[in-house]
Structures are given as C-alpha cells and as structure tokens.
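Below: entry_1.pdb (PDB, C-alpha atoms, pLDDT in the B column)
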```pdb
MODEL        1
ATOM      1  CA  MET O 691      -2.108   2.828 -18.723  1.00 74.00           C
ATOM      2  CA  MET O 692      -5.362   2.499 -16.906  1.00 85.00           C
ATOM      3  CA  ASN O 693      -7.806   5.222 -15.914  1.00 93.00           C
ATOM      4  CA  ASN O 694      -7.539   6.016 -12.173  1.00 94.00           C
ATOM      5  CA  ARG O 695     -11.302   5.633 -11.628  1.00 96.00           C
ATOM      6  CA  LEU O 696     -11.385   2.213 -13.298  1.00 96.00           C
ATOM      7  CA  PHE O 697      -8.305   1.206 -11.283  1.00 95.00           C
ATOM      8  CA  LYS O 698     -10.033   2.192  -8.032  1.00 96.00           C
ATOM      9  CA  PHE O 699     -13.273   0.441  -9.017  1.00 97.00           C
ATOM     10  CA  LEU O 700     -11.498  -2.809  -9.930  1.00 96.00           C
ATOM     11  CA  LEU O 701      -9.551  -2.867  -6.669  1.00 95.00           C
ATOM     12  CA  ASN O 702     -12.695  -2.172  -4.639  1.00 97.00           C
ATOM     13  CA  ILE O 703     -14.457  -5.186  -6.181  1.00 97.00           C
ATOM     14  CA  TYR O 704     -11.415  -7.468  -5.795  1.00 95.00           C
ATOM     15  CA  PRO O 705     -12.755 -10.354  -3.647  1.00 94.00           C
ATOM     16  CA  PRO O 706      -9.813 -10.560  -1.185  1.00 91.00           C
ATOM     17  CA  TYR O 707     -10.207  -6.844  -0.413  1.00 92.00           C
ATOM     18  CA  ILE O 708     -13.959  -7.161  -0.008  1.00 92.00           C
ATOM     19  CA  GLY O 709     -13.421 -10.091   2.367  1.00 89.00           C
ATOM     20  CA  ALA O 710     -10.891  -8.166   4.442  1.00 90.00           C
ATOM     21  CA  GLY O 711     -12.994  -4.983   4.494  1.00 91.00           C
ATOM     22  CA  ILE O 712     -10.345  -2.990   2.608  1.00 94.00           C
ATOM     23  CA  ARG O 713     -11.542   0.030   0.619  1.00 96.00           C
ATOM     24  CA  ILE O 714      -9.589   2.218  -1.757  1.00 96.00           C
ATOM     25  CA  ARG O 715     -10.775   5.757  -1.018  1.00 96.00           C
ATOM     26  CA  LYS O 716      -8.726   7.759  -3.506  1.00 96.00           C
ATOM     27  CA  VAL O 717      -6.505   7.223  -6.511  1.00 96.00           C
ATOM     28  CA  ALA O 718      -4.896  10.380  -7.867  1.00 95.00           C
ATOM     29  CA  PRO O 719      -5.193  10.908 -11.648  1.00 95.00           C
ATOM     30  CA  ASP O 720      -1.392  10.605 -11.976  1.00 92.00           C
ATOM     31  CA  PHE O 721      -1.302   7.479  -9.700  1.00 92.00           C
ATOM     32  CA  ARG O 722       1.159   9.141  -7.318  1.00 90.00           C
ATOM     33  CA  GLU O 723      -1.215   9.014  -4.352  1.00 92.00           C
ATOM     34  CA  ILE O 724      -3.579   6.310  -3.130  1.00 94.00           C
ATOM     35  CA  VAL O 725      -5.631   6.351   0.064  1.00 94.00           C
ATOM     36  CA  VAL O 726      -6.570   2.943   1.500  1.00 94.00           C
ATOM     37  CA  GLN O 727      -8.822   2.342   4.500  1.00 93.00           C
ATOM     38  CA  MET O 728      -9.994  -0.580   6.609  1.00 92.00           C
ATOM     39  CA  ARG O 729     -12.480  -0.361   9.450  1.00 90.00           C
ATOM     40  CA  LEU O 730     -12.459  -2.868  12.268  1.00 89.00           C
ATOM     41  CA  ARG O 731     -15.376  -5.241  11.657  1.00 89.00           C
ATOM     42  CA  TRP O 732     -16.489  -8.568  13.056  1.00 89.00           C
ATOM     43  CA  TYR O 733     -15.059 -10.358  10.001  1.00 88.00           C
ATOM     44  CA  ASN O 734     -11.575  -8.792  10.060  1.00 86.00           C
ATOM     45  CA  ARG O 735     -10.806  -8.787  13.763  1.00 87.00           C
ATOM     46  CA  ASN O 736      -8.738 -11.352  15.584  1.00 87.00           C
ATOM     47  CA  TYR O 737      -9.089 -13.042  18.967  1.00 89.00           C
ATOM     48  CA  PHE O 738      -7.787  -9.913  20.731  1.00 87.00           C
ATOM     49  CA  ASN O 739     -10.403  -7.638  19.122  1.00 88.00           C
ATOM     50  CA  THR O 740      -7.845  -5.876  16.910  1.00 86.00           C
ATOM     51  CA  HIS O 741      -7.200  -5.954  13.163  1.00 86.00           C
ATOM     52  CA  PHE O 742      -5.983  -9.259  11.792  1.00 85.00           C
ATOM     53  CA  GLY O 743      -2.335  -8.776  10.815  1.00 83.00           C
ATOM     54  CA  GLY O 744      -2.787 -10.390   7.422  1.00 85.00           C
ATOM     55  CA  SER O 745      -5.493  -7.866   6.565  1.00 86.00           C
ATOM     56  CA  LEU O 746      -3.246  -4.964   7.614  1.00 85.00           C
ATOM     57  CA  TYR O 747      -0.488  -6.369   5.460  1.00 85.00           C
ATOM     58  CA  ALA O 748      -2.806  -6.896   2.466  1.00 87.00           C
ATOM     59  CA  MET O 749      -4.004  -3.335   2.879  1.00 87.00           C
ATOM     60  CA  VAL O 750      -0.653  -1.873   1.794  1.00 84.00           C
ATOM     61  CA  ASP O 751       1.218  -4.737   0.139  1.00 84.00           C
ATOM     62  CA  PRO O 752       0.690  -4.199  -3.597  1.00 87.00           C
ATOM     63  CA  PHE O 753       0.218  -0.472  -3.902  1.00 88.00           C
ATOM     64  CA  TYR O 754       3.704   0.977  -4.404  1.00 83.00           C
ATOM     65  CA  CYS O 755       4.327  -1.663  -7.033  1.00 83.00           C
ATOM     66  CA  LEU O 756       1.013  -0.913  -8.767  1.00 89.00           C
ATOM     67  CA  MET O 757       1.644   2.823  -8.563  1.00 88.00           C
ATOM     68  CA  LEU O 758       5.104   2.479 -10.106  1.00 81.00           C
ATOM     69  CA  VAL O 759       3.709   0.316 -12.915  1.00 83.00           C
ATOM     70  CA  GLN O 760       1.278   3.091 -13.809  1.00 88.00           C
ATOM     71  CA  VAL O 761       3.752   5.970 -13.373  1.00 83.00           C
ATOM     72  CA  LEU O 762       6.679   4.394 -15.238  1.00 78.00           C
ATOM     73  CA  GLY O 763       4.555   2.979 -18.051  1.00 81.00           C
ATOM     74  CA  LYS O 764       4.793  -0.073 -20.269  1.00 80.00           C
ATOM     75  CA  ASP O 765       8.523   0.290 -20.915  1.00 77.00           C
ATOM     76  CA  TYR O 766       9.323  -0.918 -17.387  1.00 73.00           C
ATOM     77  CA  ILE O 767       8.643  -4.102 -15.444  1.00 74.00           C
ATOM     78  CA  VAL O 768       8.069  -3.480 -11.749  1.00 74.00           C
ATOM     79  CA  TRP O 769       8.355  -6.420  -9.359  1.00 74.00           C
ATOM     80  CA  ASP O 770       7.802  -6.398  -5.602  1.00 73.00           C
ATOM     81  CA  GLN O 771      10.293  -9.049  -4.483  1.00 72.00           C
ATOM     82  CA  ALA O 772      10.099  -8.882  -0.714  1.00 72.00           C
ATOM     83  CA  ALA O 773       8.095  -7.195   1.997  1.00 73.00           C
ATOM     84  CA  PRO O 774       9.001  -7.713   5.658  1.00 75.00           C
ATOM     85  CA  ILE O 775       6.605  -6.361   8.239  1.00 75.00           C
ATOM     86  CA  GLU O 776       7.091  -5.428  11.874  1.00 75.00           C
ATOM     87  CA  PHE O 777       4.023  -4.866  14.031  1.00 74.00           C
ATOM     88  CA  LYS O 778       4.653  -2.189  16.652  1.00 74.00           C
ATOM     89  CA  ASN O 779       1.299  -2.340  18.453  1.00 72.00           C
ATOM     90  CA  PRO O 780      -2.250  -3.576  17.823  1.00 72.00           C
ATOM     91  CA  GLY O 781      -4.416  -2.061  15.108  1.00 70.00           C
ATOM     92  CA  GLY O 782      -7.891  -1.018  16.088  1.00 71.00           C
ATOM     93  CA  ALA O 783     -10.706   1.311  15.018  1.00 79.00           C
ATOM     94  CA  ARG O 784     -10.220   2.618  11.481  1.00 84.00           C
ATOM     95  CA  CYS O 785      -6.875   2.194   9.763  1.00 86.00           C
ATOM     96  CA  ARG O 786      -6.082   4.527   6.906  1.00 88.00           C
ATOM     97  CA  ARG O 787      -2.920   4.725   4.843  1.00 87.00           C
ATOM     98  CA  TYR O 788      -1.884   7.561   2.535  1.00 89.00           C
ATOM     99  CA  LEU O 789       0.532   6.137  -0.017  1.00 88.00           C
ATOM    100  CA  ARG O 790       2.508   8.695  -2.020  1.00 87.00           C
ATOM    101  CA  LEU O 791       5.184   8.424  -4.676  1.00 83.00           C
ATOM    102  CA  VAL O 792       7.554  11.366  -4.613  1.00 78.00           C
ATOM    103  CA  THR O 793       8.822  12.514  -8.011  1.00 73.00           C
ATOM    104  CA  SER O 794      12.452  12.493  -6.879  1.00 73.00           C
ATOM    105  CA  ARG O 795      12.078   8.858  -5.762  1.00 67.00           C
ATOM    106  CA  CYS O 796      10.704   7.899  -9.179  1.00 68.00           C
ATOM    107  CA  ARG O 797      13.668   9.640 -10.811  1.00 70.00           C
ATOM    108  CA  ARG O 798      16.080   7.645  -8.609  1.00 70.00           C
ATOM    109  CA  PHE O 799      14.343   4.420  -9.640  1.00 65.00           C
ATOM    110  CA  CYS O 800      14.637   5.340 -13.314  1.00 67.00           C
ATOM    111  CA  HIS O 801      18.285   6.392 -12.907  1.00 67.00           C
ATOM    112  CA  GLY O 802      19.083   3.088 -11.189  1.00 67.00           C
ATOM    113  CA  LEU O 803      17.375   1.220 -14.008  1.00 65.00           C
ATOM    114  CA  LEU O 804      19.325   3.076 -16.678  1.00 65.00           C
ATOM    115  CA  MET O 805      22.672   2.621 -14.925  1.00 65.00           C
ATOM    116  CA  ALA O 806      22.374  -0.970 -13.686  1.00 63.00           C
ATOM    117  CA  GLY O 807      19.453  -2.482 -15.563  1.00 61.00           C
ATOM    118  CA  ASN O 808      17.614  -2.961 -12.271  1.00 59.00           C
ATOM    119  CA  THR O 809      17.375  -1.337  -8.889  1.00 55.00           C
ATOM    120  CA  GLY O 810      17.465  -2.738  -5.395  1.00 57.00           C
ATOM    121  CA  ARG O 811      15.767   0.303  -3.932  1.00 55.00           C
ATOM    122  CA  SER O 812      13.604  -0.102  -0.912  1.00 55.00           C
ATOM    123  CA  MET O 813      10.827   2.029   0.520  1.00 52.00           C
ATOM    124  CA  ARG O 814       9.907   2.357   4.143  1.00 51.00           C
ATOM    125  CA  LEU O 815       6.466   3.374   5.278  1.00 48.00           C
ATOM    126  CA  MET O 816       4.776   4.092   8.548  1.00 42.00           C
ATOM    127  CA  PHE O 817       1.218   3.016   9.107  1.00 43.00           C
ATOM    128  CA  ALA O 818      -1.080   5.185  11.177  1.00 39.00           C
ATOM    129  CA  MET O 819      -4.496   4.496  12.645  1.00 38.00           C
ATOM    130  CA  LYS O 820      -7.254   6.751  13.868  1.00 38.00           C
ATOM    131  CA  ARG O 821      -6.485   6.258  17.518  1.00 38.00           C
ATOM    132  CA  VAL O 822      -4.550   8.868  19.420  1.00 33.00           C
ATOM    133  CA  SER O 823      -2.593   6.540  21.673  1.00 34.00           C
ATOM    134  CA  ARG O 824      -1.714   3.905  19.094  1.00 38.00           C
ATOM    135  CA  LEU O 825       0.591   5.306  16.417  1.00 35.00           C
ATOM    136  CA  PRO O 826       2.040   3.683  14.357  1.00 38.00           C
ATOM    137  CA  ALA O 827       0.548   0.194  14.014  1.00 40.00           C
ATOM    138  CA  PHE O 828       3.409  -1.196  11.990  1.00 41.00           C
ATOM    139  CA  ILE O 829       6.386  -0.390   9.847  1.00 43.00           C
ATOM    140  CA  ARG O 830       6.788  -2.065   6.488  1.00 45.00           C
ATOM    141  CA  SER O 831       9.754  -1.820   4.189  1.00 46.00           C
ATOM    142  CA  PHE O 832      10.057  -3.623   0.917  1.00 44.00           C
ATOM    143  CA  THR O 833      12.529  -3.994  -1.908  1.00 43.00           C
TER     144      THR O 833
ENDMDL
END
```
Mind turning this structure into structure tokens?
Amino acid sequence: MMNNRLFKFLLNIYPPYIGAGIRIRKVAPDFREIVVQMRLRWYNRNYFNTHFGGSLYAMVDPFYCLMLVQVLGKDYIVWDQAAPIEFKNPGGARCRRYLRLVTSRCRRFCHGLLMAGNTGRSMRLMFAMKRVSRLPAFIRSFT
C-alpha cells in the first residue's frame, strides 16, 4: 500500500495530468475519497472554448480502479476493462469531481470475487462543474 500523500504527489507530477491541467486536490488516508479538479485554460480548451473531452475523460478515468487497488490490497487484482462516456453538455469554468468508494460497494465487490472469482460490477458517476446552468457535464459508467 502507498501513503495517500505520496500517491497524490505522484499523480500531480504525472506528465499527462500536468499537460491537461488536472490536479488532485485530496486523497483520503483510507483512499475511499479523491477530489480531482481541472480549470479551463488556454491549453485544455477546444475550438468551442469548452473543456476538451479527452481531458474530462482523463480526469476521472483511472481513479476508481486505483482506489480499489489501494482499498482491497495486494491480494486482489483490479482491472478497469471498459469505460464508455456520454457527454450531456459542454464543460466550462472549473470542473471538480468528488470520487467516493462506499464501504457496502467494496463489500459487494469482495463478495462477487469470492463467489465467482471475478466480478462484472459497474459504477456510474455523474460529473458536475462549477456553473449553475450546466450540470452535469457527462455521465460515465465503467465495468
């Protein structure tokens, strides 16, 4: 297991996140909550003056997998196999995502692993931006 502060530091110096303007604001000591943020900058906006979709996707893509790896420990292999994304409306201003792992969901994952050897569970998340009239920016579910 990795220390939450080292984990946050390493992700914040990860070159693709630096290039996209993605910042990890918080990693809980138990890895059950991560706060990720991206401000709209000249280098991460698209032709329409909104967030580039690939940057929005990168902002949330690996985190549930990384959180589960830390929470479940070395006895488990966690693999993010698929991640469809559906953009509901344009992302602008500051985008912030609060990612949380609920204890009951972790228990269901573990139960599925014990019973079947793997689990096809999926998680669905809503993405919200700091803009009153534009919620949510997209919905992402992954298995």
I'd like the residues picked by the PyMOL selection byres ((chain O and resi 743) around 10) written out as a list in words, using the chain letters and numbers from the file.
Asn734, Arg735, Asn736, Thr740, His741, Phe742, Gly744, Ser745, Leu746, Tyr747, Ala748, Met749, Ile775, Phe777, Pro780, Gly781, Ala827 and Phe828 of chain O
Padding 8 Å on each side, edges along x, y and z: where is the centre of the box around the listed atoms of stretch 780-790 of chain O, and how long are its edges in Å to one decimal? Output it as JSON.
```
{"center_x": -4.1, "center_y": 2.6, "center_z": 7.9, "size_x": 29.2, "size_y": 28.3, "size_z": 35.8}
```
Translate the PyMOL selection byres ((chain O and resi 770) around 7) into a concrete residue list for this structure, as a PyMOL selection string.
chain O and resi 755+768-769+771-772+833
Figure out the distance between atom CA of O:Lys764 and atom CA of O:Met691, please, to one decimal in Å.
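Pair atom CA of O:Met691 / atom CA of O:Lys764 returns 7.6 Å.
Across the structure, atom CA of O:Met728 and atom CA of O:Phe699 are spaced 16.0 Å apart.
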So which residues get picked by the PyMOL selection byres ((chain O and resi 698) around 8) here, written as a tab-separated table (two decimals) with C-alpha atoms, in the coordinates of the input?
```tsv
chain	number	residue	atom	x	y	z
O	694	ASN	CA	-7.54	6.02	-12.17
O	695	ARG	CA	-11.30	5.63	-11.63
O	696	LEU	CA	-11.38	2.21	-13.30
O	697	PHE	CA	-8.30	1.21	-11.28
O	699	PHE	CA	-13.27	0.44	-9.02
O	700	LEU	CA	-11.50	-2.81	-9.93
O	701	LEU	CA	-9.55	-2.87	-6.67
O	702	ASN	CA	-12.70	-2.17	-4.64
O	714	ILE	CA	-9.59	2.22	-1.76
O	715	ARG	CA	-10.78	5.76	-1.02
O	716	LYS	CA	-8.73	7.76	-3.51
O	717	VAL	CA	-6.50	7.22	-6.51
```
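Considering only C-alpha atoms, the residue among O:Leu791, O:Cys785, O:Val750, O:Ile708 positioned nearest to O:Gln727 is O:Cys785.
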Separation of atom CA of O:Pro706 and atom CA of O:Tyr754, in Å?
18.1 Å
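For the residues O:Val726, O:Tyr704, O:Ile767, O:Gln760, ranking by smallest atom-to-atom distance to O:Arg787 using all atoms listed in the file places O:Val726 first.
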Compile the contact shell of O:Tyr788 as a ChimeraX atom specification: residues with an atom at most 8 Å away, counting all atoms listed in the file, same-chain residues fewer than 3 positions apart removed.
/O:723-726
For O:Met757, the closest of O:Arg790, O:Arg784, O:Lys778, O:Arg729 counting only C-alpha atoms is O:Arg790
From the set O:Leu789, O:Ala710, O:Leu730, O:Leu756, which residue has the shortest atom-to-atom contact distance to O:Met692, counting only C-alpha atoms?
O:Leu756
Of the listed residues O:Pro719, O:Val792, O:Arg797, O:Gly782, that which approaches O:Phe738 most closely, counting only C-alpha atoms:
O:Gly782
